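Containing mmCIF, C-alpha atoms: start-v6.cif.
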data_upload
#
loop_
_atom_site.group_PDB
_atom_site.id
_atom_site.type_symbol
_atom_site.label_atom_id
_atom_site.label_comp_id
_atom_site.auth_asym_id
_atom_site.auth_seq_id
_atom_site.Cartn_x
_atom_site.Cartn_y
_atom_site.Cartn_z
ATOM 1 C CA MET H 1 67.412 124.865 87.888
ATOM 2 C CA SER H 2 66.429 127.851 90.024
ATOM 3 C CA LEU H 3 64.796 127.413 93.402
ATOM 4 C CA LYS H 4 62.534 130.395 92.758
ATOM 5 C CA GLY H 5 59.287 129.935 94.668
ATOM 6 C CA LYS H 6 60.882 127.703 97.328
ATOM 7 C CA ARG H 7 60.744 128.992 100.898
ATOM 8 C CA VAL H 8 63.244 127.576 103.399
ATOM 9 C CA ALA H 9 63.336 128.224 107.141
ATOM 10 C CA VAL H 10 66.858 128.552 108.552
ATOM 11 C CA LEU H 11 66.676 128.315 112.339
ATOM 12 C CA VAL H 12 68.690 130.654 114.539
ATOM 13 C CA ALA H 13 69.179 131.309 118.259
ATOM 14 C CA ASP H 14 71.927 132.625 120.485
ATOM 15 C CA LEU H 15 75.316 130.916 120.192
ATOM 16 C CA TYR H 16 74.679 129.714 116.624
ATOM 17 C CA GLN H 17 77.714 128.610 114.599
ATOM 18 C CA GLU H 18 78.431 131.359 112.070
ATOM 19 C CA LEU H 19 79.287 129.313 108.990
ATOM 20 C CA GLU H 20 76.544 126.758 109.583
ATOM 21 C CA PHE H 21 73.911 129.506 109.542
ATOM 22 C CA TRP H 22 75.251 131.920 106.918
ATOM 23 C CA TYR H 23 76.587 129.455 104.341
ATOM 24 C CA PRO H 24 73.222 127.710 103.703
ATOM 25 C CA TYR H 25 71.257 130.955 104.182
ATOM 26 C CA LEU H 26 73.230 132.776 101.474
ATOM 27 C CA ARG H 27 73.561 129.776 99.110
ATOM 28 C CA LEU H 28 69.797 129.289 99.169
ATOM 29 C CA GLN H 29 69.357 132.938 98.187
ATOM 30 C CA GLU H 30 71.925 132.570 95.396
ATOM 31 C CA GLU H 31 69.877 129.684 94.009
ATOM 32 C CA GLY H 32 66.702 131.791 94.007
ATOM 33 C CA ALA H 33 65.056 130.409 97.148
ATOM 34 C CA GLU H 34 63.562 132.605 99.833
ATOM 35 C CA ALA H 35 65.689 131.878 102.921
ATOM 36 C CA VAL H 36 63.856 132.965 106.071
ATOM 37 C CA ALA H 37 65.667 133.227 109.402
ATOM 38 C CA VAL H 38 63.397 131.797 112.127
ATOM 39 C CA GLY H 39 64.085 131.955 115.856
ATOM 40 C CA PRO H 40 62.202 131.373 119.071
ATOM 41 C CA GLU H 41 61.253 135.062 118.708
ATOM 42 C CA ALA H 42 61.597 137.557 115.853
ATOM 43 C CA LYS H 43 64.675 139.402 117.116
ATOM 44 C CA GLU H 44 68.449 139.589 116.794
ATOM 45 C CA TYR H 45 70.598 136.676 117.981
ATOM 46 C CA LYS H 46 74.367 136.589 118.563
ATOM 47 C CA SER H 47 76.584 133.819 117.267
ATOM 48 C CA LYS H 48 79.262 132.047 119.317
ATOM 49 C CA LEU H 49 81.600 134.894 118.307
ATOM 50 C CA GLY H 50 79.011 137.657 118.709
ATOM 51 C CA TYR H 51 78.066 138.024 115.034
ATOM 52 C CA PRO H 52 74.411 139.115 114.746
ATOM 53 C CA ALA H 53 71.634 137.453 112.779
ATOM 54 C CA ARG H 54 68.062 138.718 112.814
ATOM 55 C CA ALA H 55 65.216 136.220 112.914
ATOM 56 C CA GLU H 56 62.553 137.511 110.547
ATOM 57 C CA LEU H 57 59.920 135.235 112.094
ATOM 58 C CA GLY H 58 59.351 133.853 115.555
ATOM 59 C CA ALA H 59 58.290 130.320 116.449
ATOM 60 C CA LYS H 60 54.624 131.276 116.758
ATOM 61 C CA ASP H 61 54.645 132.630 113.196
ATOM 62 C CA VAL H 62 55.760 129.509 111.304
ATOM 63 C CA ARG H 63 53.698 126.671 109.851
ATOM 64 C CA ALA H 64 55.045 123.650 108.009
ATOM 65 C CA GLN H 65 52.682 124.209 105.083
ATOM 66 C CA ASP H 66 54.367 127.570 104.396
ATOM 67 C CA PHE H 67 57.874 126.118 103.831
ATOM 68 C CA GLN H 68 59.496 123.591 101.509
ATOM 69 C CA ALA H 69 62.470 122.794 103.809
ATOM 70 C CA VAL H 70 64.122 123.631 107.117
ATOM 71 C CA VAL H 71 67.820 124.005 107.969
ATOM 72 C CA ILE H 72 69.035 123.551 111.549
ATOM 73 C CA PRO H 73 72.544 124.978 112.023
ATOM 74 C CA GLY H 74 74.720 123.963 114.933
ATOM 75 C CA GLY H 75 76.760 125.689 117.533
ATOM 76 C CA TYR H 76 74.938 125.689 120.852
ATOM 77 C CA ALA H 77 71.821 127.315 119.373
ATOM 78 C CA PRO H 78 69.958 123.983 118.998
ATOM 79 C CA ASP H 79 69.921 123.640 122.779
ATOM 80 C CA TYR H 80 67.943 126.908 122.893
ATOM 81 C CA LEU H 81 65.858 126.062 119.817
ATOM 82 C CA ARG H 82 64.616 122.790 121.289
ATOM 83 C CA ARG H 83 63.271 124.634 124.326
ATOM 84 C CA SER H 84 60.619 126.132 122.041
ATOM 85 C CA PRO H 85 57.689 123.699 121.775
ATOM 86 C CA GLU H 86 56.525 125.551 118.657
ATOM 87 C CA LEU H 87 59.854 125.062 116.865
ATOM 88 C CA VAL H 88 60.033 121.400 117.888
ATOM 89 C CA ARG H 89 56.512 120.941 116.508
ATOM 90 C CA PHE H 90 57.496 122.775 113.308
ATOM 91 C CA VAL H 91 60.501 120.484 112.740
ATOM 92 C CA ARG H 92 58.392 117.382 113.491
ATOM 93 C CA GLU H 93 55.673 118.492 111.054
ATOM 94 C CA MET H 94 58.240 119.247 108.351
ATOM 95 C CA ALA H 95 59.787 115.791 108.786
ATOM 96 C CA GLU H 96 56.424 114.019 108.872
ATOM 97 C CA ALA H 97 55.362 115.862 105.701
ATOM 98 C CA GLY H 98 58.397 114.422 103.912
ATOM 99 C CA LYS H 99 59.996 117.836 103.393
ATOM 100 C CA PRO H 100 63.794 118.175 103.553
ATOM 101 C CA VAL H 101 65.022 118.626 107.124
ATOM 102 C CA ALA H 102 68.728 119.456 107.110
ATOM 103 C CA ALA H 103 70.714 119.549 110.376
ATOM 104 C CA ILE H 104 74.446 119.997 110.922
ATOM 105 C CA CYS H 105 76.789 119.735 113.917
ATOM 106 C CA HIS H 106 74.618 120.055 117.071
ATOM 107 C CA GLY H 107 71.542 120.683 114.876
ATOM 108 C CA PRO H 108 70.409 117.042 115.135
ATOM 109 C CA TRP H 109 69.564 117.728 118.802
ATOM 110 C CA MET H 110 66.364 119.221 117.368
ATOM 111 C CA LEU H 111 65.705 115.971 115.509
ATOM 112 C CA CYS H 112 65.949 114.119 118.845
ATOM 113 C CA SER H 113 63.511 116.525 120.481
ATOM 114 C CA ALA H 114 61.146 116.290 117.497
ATOM 115 C CA ARG H 115 61.317 112.487 117.782
ATOM 116 C CA VAL H 116 62.039 111.932 114.091
ATOM 117 C CA VAL H 117 65.296 109.939 114.165
ATOM 118 C CA ARG H 118 64.230 106.460 115.370
ATOM 119 C CA GLY H 119 65.581 103.925 112.897
ATOM 120 C CA ARG H 120 67.094 106.631 110.660
ATOM 121 C CA ARG H 121 70.747 106.924 109.571
ATOM 122 C CA VAL H 122 72.220 110.249 110.688
ATOM 123 C CA THR H 123 75.498 111.942 111.479
ATOM 124 C CA SER H 124 76.463 114.891 113.680
ATOM 125 C CA VAL H 125 79.330 116.294 115.652
ATOM 126 C CA PRO H 126 80.550 113.296 117.702
ATOM 127 C CA ALA H 127 79.655 115.065 120.981
ATOM 128 C CA ILE H 128 75.936 114.319 120.475
ATOM 129 C CA ARG H 129 76.299 110.793 119.115
ATOM 130 C CA ASP H 130 74.976 109.306 122.378
ATOM 131 C CA ASP H 131 71.925 111.590 122.290
ATOM 132 C CA LEU H 132 71.083 110.486 118.758
ATOM 133 C CA GLU H 133 71.605 106.804 119.498
ATOM 134 C CA ASN H 134 69.524 107.100 122.678
ATOM 135 C CA ALA H 135 66.766 108.611 120.503
ATOM 136 C CA GLY H 136 66.929 105.510 118.294
ATOM 137 C CA ALA H 137 69.061 106.823 115.422
ATOM 138 C CA ILE H 138 71.720 104.846 113.601
ATOM 139 C CA TRP H 139 74.746 107.155 113.906
ATOM 140 C CA VAL H 140 77.528 107.044 111.302
ATOM 141 C CA ASP H 141 80.685 109.119 110.889
ATOM 142 C CA GLU H 142 80.312 110.453 107.335
ATOM 143 C CA PRO H 143 80.470 114.013 105.916
ATOM 144 C CA VAL H 144 76.826 113.983 104.830
ATOM 145 C CA VAL H 145 74.094 111.413 105.364
ATOM 146 C CA VAL H 146 70.832 111.484 103.433
ATOM 147 C CA ASP H 147 68.128 109.167 104.778
ATOM 148 C CA GLY H 148 64.914 109.952 102.977
ATOM 149 C CA ASN H 149 64.117 113.580 103.766
ATOM 150 C CA LEU H 150 66.670 113.856 106.622
ATOM 151 C CA ILE H 151 70.004 115.417 105.646
ATOM 152 C CA THR H 152 72.710 115.551 108.313
ATOM 153 C CA SER H 153 76.358 116.597 108.483
ATOM 154 C CA ARG H 154 79.063 116.818 111.118
ATOM 155 C CA VAL H 155 81.063 120.063 111.051
ATOM 156 C CA PRO H 156 81.633 123.278 109.048
ATOM 157 C CA ALA H 157 84.144 121.519 106.764
ATOM 158 C CA ASP H 158 81.206 119.361 105.545
ATOM 159 C CA LEU H 159 79.144 122.390 104.459
ATOM 160 C CA PRO H 160 79.785 122.078 100.690
ATOM 161 C CA LEU H 161 78.437 118.497 100.652
ATOM 162 C CA PHE H 162 75.673 119.347 103.138
ATOM 163 C CA VAL H 163 74.346 122.289 101.117
ATOM 164 C CA ARG H 164 74.723 120.388 97.838
ATOM 165 C CA ALA H 165 72.523 117.601 99.272
ATOM 166 C CA LEU H 166 69.966 120.182 100.474
ATOM 167 C CA LEU H 167 69.833 121.919 97.081
ATOM 168 C CA GLN H 168 69.423 118.563 95.344
ATOM 169 C CA ALA H 169 66.555 117.641 97.670
ATOM 170 C CA LEU H 170 64.826 120.959 96.922
ATOM 171 C CA ARG H 171 65.117 120.473 93.159
#

Take the structure I supplied and represent it as structure tokens, if you would.
Amino acid sequence: MSLKGKRVAVLVADLYQELEFWYPYLRLQEEGAEAVAVGPEAKEYKSKLGYPARAELGAKDVRAQDFQAVVIPGGYAPDYLRRSPELVRFVREMAEAGKPVAAICHGPWMLCSARVVRGRRVTSVPAIRDDLENAGAIWVDEPVVVDGNLITSRVPADLPLFVRALLQALR
């Protein structure tokens, strides 16, 4: 089943993890969805290794009603993403609307900032386990965790399961 007509925001900022951005971004396109790179500003961002990605839209240009899902890649980009009140609001509104919110690695930092993890089962890179638990999440060490509309994974090796869960949620 094609995802034609589905619009998915894939967040990006400096020091993003290459695979965690590009794998979902390209897979969504392959499935017919419109993947839209969204950053704090509409500009080019460099990955941890210097690989460029251009945000098509900036934080001030996105509204939850215009998207069916959001993907939050890891690396250290989420620490920059959560400094944008507009992007934190966007993620919160997406979660509250029951739309798929998919975060991998350090991506769940945004879920903490958006205050949408209390009482929810999630996973992440172990380095931010304390942050998630302090935000009220129930942290587990599993490749992918789906709790309602929240989809979380740990590391790049989990990407096939992570993206499969996202695609299933969008169908």

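Restricting the calculation to only C-alpha atoms, the smallest distance between Ala59 (chain H) and any of H:Ser84, H:Asn149, H:Asn134, H:Ser124 is found for H:Ser84.
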
- What does the distance between CA of Glu133 (chain H) and CA of Arg82 (chain H) come to in Å, to one decimal place?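 One can read the CA of Glu133 (chain H) to CA of Arg82 (chain H) distance as 17.5 Å.
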
- Query: Which residue gives the smallest distance to Arg63 (chain H) among H:Glu86, H:Asp79, H:Glu96, H:Glu41, with all atoms listed in the file counted?
  - Reply: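 So, comparing all the options, the nearest one is H:Glu86.
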
- Please write as a ChimeraX atom specification the full residue list that the PyMOL selection byres ((chain H and resi 119) around 6) yields on this file. /H:118,120,136-137

- Message: What would the selection look like, as a VMD selection string, if the PyMOL selection byres ((chain H and resi 69) around 8) were run on the coordinates I just shared?
- Response: chain H and resid 7 to 9 67 to 68 70 to 71 94 99 to 102 170

- What is the CA of Val145 (chain H)-CA of Pro85 (chain H) distance in Å, reported with one decimal?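 Separation of CA of Val145 (chain H) and CA of Pro85 (chain H): 26.3 Å.
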
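Coordinates place CA of Asp66 (chain H) at a distance of 25.3 Å from CA of Pro52 (chain H).
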
- Matched chain/residue IDs from the PyMOL selection byres ((chain H and resi 18) around 10), as a PyMOL selection string: chain H and resi 15-17+19-23+46-53+73-75+156

- Contacts of Leu159 (chain H) within 10 Å, only C-alpha atoms, excl. fewer than 4 positions in-chain, as number ranges by chain: H: 19-20, 23-24, 104, 143-144, 153-155, 163-165

Near-Val116 (chain H) list (10 Å; all atoms listed in the file; drop same-chain fewer than 6 positions) as a compact mmCIF listing (two decimals) with C-alpha atoms, in the coordinates of the input:
# COMPACT_ATOMS: atom_id res chain seq x y z
CA VAL H 91 60.50 120.48 112.74
CA ARG H 92 58.39 117.38 113.49
CA GLU H 93 55.67 118.49 111.05
CA ALA H 95 59.79 115.79 108.79
CA GLU H 96 56.42 114.02 108.87
CA PRO H 108 70.41 117.04 115.14
CA MET H 110 66.36 119.22 117.37
CA ALA H 135 66.77 108.61 120.50
CA GLY H 136 66.93 105.51 118.29
CA ALA H 137 69.06 106.82 115.42
CA LEU H 150 66.67 113.86 106.62

- Item | Of the listed residues H:Leu26, H:Leu81, H:Ala13, H:Cys112, that which approaches Ala55 (chain H) most closely, counting all atoms listed in the file | H:Ala13

- Task: Show which residues sit within 9 Å of Val38 (chain H), as a list of chain:residue names. Count all atoms listed in the file, and ignore same-chain residues fewer than 4 positions away.
- Result: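 Result of the neighbour search: H:Ala9, H:Val10, H:Leu11, H:Val12, H:Ala13, H:Ala42, H:Arg54, H:Ala55, H:Glu56, H:Leu57, H:Gly58, H:Ala59, H:Asp61, H:Val62, H:Leu87.
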
- Query: Which residue, H:Ile72, H:Ala77, H:Ala64, H:Val122, has the smallest gap to Ala97 (chain H) when you use only C-alpha atoms?
  - Reply: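 Closest to Ala97 (chain H) of all the choices is H:Ala64.
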
- Top pick for closest residue to Gly148 (chain H), considering H:Ala103, H:Val125, H:Ala114, H:Ala169 and counting only C-alpha atoms: H:Ala169

- Item | Minimum-distance residue to Leu3 (chain H), chosen among H:Ala157, H:Leu111, H:Ala33, H:Val117 (using all atoms listed in the file) | H:Ala33

Edge lengths and centre in Å, axis-aligned, region 102-114 of chain H plus 6 Å each side, as lines of an AutoDock Vina configuration file:
center_x = 69.0
center_y = 117.4
center_z = 113.8
size_x = 27.6
size_y = 18.6
size_z = 25.4
